[in-house]
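Novice: Quick one: structure below, then a few questions.
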Amino acid sequence: MAFIEVENVVFSYEAEAEETESNQSKTVLKNLSLSVEKGEFVALLGHNGSGKSTLAKMFNGILQPEKGAVKVCGMNTADEEKLLDIRKKVGLVLQNPDNQLVASIVEEDVAFGPENLGIEPKEIRRRVDEALKAVDMYEYRRHAPHKLSGGQKQRVAIAGIIAMEPDCIVLDEPTAMLDPQGRKEVMDTIVKLNKEKQITIILITHYMDEAALADRLIVLDGGKILADGTPKEVFSHVELLKSHSLDVPQSTELAYKLKSAGLKIDGTPLNVEECVEAIDKVLKKK
Amino acid sequence: MLKEITLGQYFPGKSFLHKMDPRMKIILLTFYIVFIFLTKNYVSLVIMSVSVLGVLFLSKVSPRLYFKSVKAIIFIVIFTSALNLFYGTGEPLWQWKFLKITESGINTAIFIAVRIISLVLISSVLTYTTSPTDLTDGIERLLKPLSVFHIQVHEIAMMMTIALRFIPTLLEETDKIMNAQKARGADFESGNFMNRIKALIPILVPLFVSAFRRAFDLAMAMESRCYHGGEGRTRMKVLKYTKYDYIALAVLTVIFVGVIICNLYLPATLRSGM
């Protein structure tokens, strides 16, 4: 049994939210199935209206599927009594950091989750300190959230989830409202959590460069899975992605263009270093 | 312009008052206010106002801030004192048509002024030295017994916490919207009163829309963090009365007893009921 199982999920919105949909149909998720294993770092990629945010809110039962089921460790999110247990295991971080923080002091906000779980005060203190250190915000623990930068606020929001010690964190476009510096801070934190704490990460994004950091990449388009594999595998299908108006990382695109121009470039470079190496190799051959 | 609003302003510090338990501060403040209005003669009034000054000194907050909070209400003080000045009874010391000043009028005016100023000062001490979260926490715990009467104490405290958290966020947003509307030629500064009120509509509508969107997001975030009301909820900070609270309680009890003794054994300057 996989850690998270999504089985034949169908979901549709009311007509009013529908106007922004590109495919004019009400259904945002069409018979979608996927499973995520413990410890994986999965990126969910797709453009607006592909159903990726809807799916994100299903992993911890904020939204319920119309048909099909979402199961976390075998617990169905439709089961009201299991919801708290599911949310203990799967945390959700939203796009706007401002709207997720409850308290006026950083450490009290981080304590909010563990307090809801009814944990002993001493243990909460330990978890809060640990969570703030994990996101590198410990020295800001007595600050007011509204005085922090976007990236810092988002890291506090992540700390708030970590303090609940979940097995998995779902992040719904956590960097969409941040500047490049903030994006980097948040992405570094996410990668670190996955590698060092073995927390399963499901990252919803529309930035290709962020998606390339994941172990596994799932591309959603029109409520269906378009591609599923390692970033290298997925981004090697440049034509397929382009035909669904999706991009690939710039380095991948450069390599792809050079390749179609006749150069013999090996593999699919995902970042600048790999790209430089690949081009360097070609140049040295000549 | 909006930055000047200092609701529930808190100045972190390590003074005696900062170290006190918020519950004790709220309880003592309540008694203080009651006793300020119980003073009947100058001796007890001096005892109370001197102790207020002592508390201000102990808070280690800059006197400028206290001055500012008094400045905000100085008009009310002057107005009510002036009104009382002409409202006394007895032999007039000075008379002009129907206006007369009597000794009791002067006394009442002084008492009113000192009482209001003390009231404002001692209340600002509470907000200056207590963080908003501690304050709501203290209120929640003090009101806990009221849940016997089905009053949703936890929910009230949670609402206060969230309101305090979002005041700066929404102020910032208001500033942004105002600038955006100004950039489109909106005029907030000219015209008569009604025009200015009307000019606020293009600010309030987007502000409300965004506030509701934020509320929706926040609810989702809180649910994701297992919020399910006050039941079974623990707190990271456990409030505990320490030596500071007992010392404060002891000192203030002495002061309060002093005021009662003065009231009982010294002649009252004010008519009873004032």
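Identifiers in this document derive from the order of the structure tokens: chains are assigned A, B, ..., residues are numbered from 1 separately in each chain, and ligands are numbered from 1 in order of occurrence.
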Contacts from chain A to chain B, 8 Å maximum, only C-alpha atoms: show me the residue list as number ranges by chain.

Specialist: A: 60, 62, 84, 87-88, 91-94, 98-105, 108, 111-113, 115-122, 124-125, 146, 161, 164

Novice: I want to know what sits within 9 Å of A:Ser53, based on only C-alpha atoms, with residues of the same chain fewer than 5 positions away left out; could you give that as a list of chain:residue names?

Specialist: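 Residues meeting the cut-off are A:Asn48, A:Met58, A:Asp172, A:Glu173, A:Ile204.
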
Novice: With DSSP run on the backbone, what are the alpha helix (DSSP H) residues within stretch 107-268 of chain A? I'd like them as an MDAnalysis selection string.

Specialist: chainID A and resid 107:116 121:134 150:162 180:197 208:211 231:235 238:243 250:260

Novice: Identify, on the basis of only C-alpha atoms, every residue whose closest approach to A:Cys275 does not exceed 8 Å; exclude the query and any residue fewer than 5 positions from it along the same chain; express the result as a ChimeraX atom specification.

Specialist: /A:251-252,255,269-270
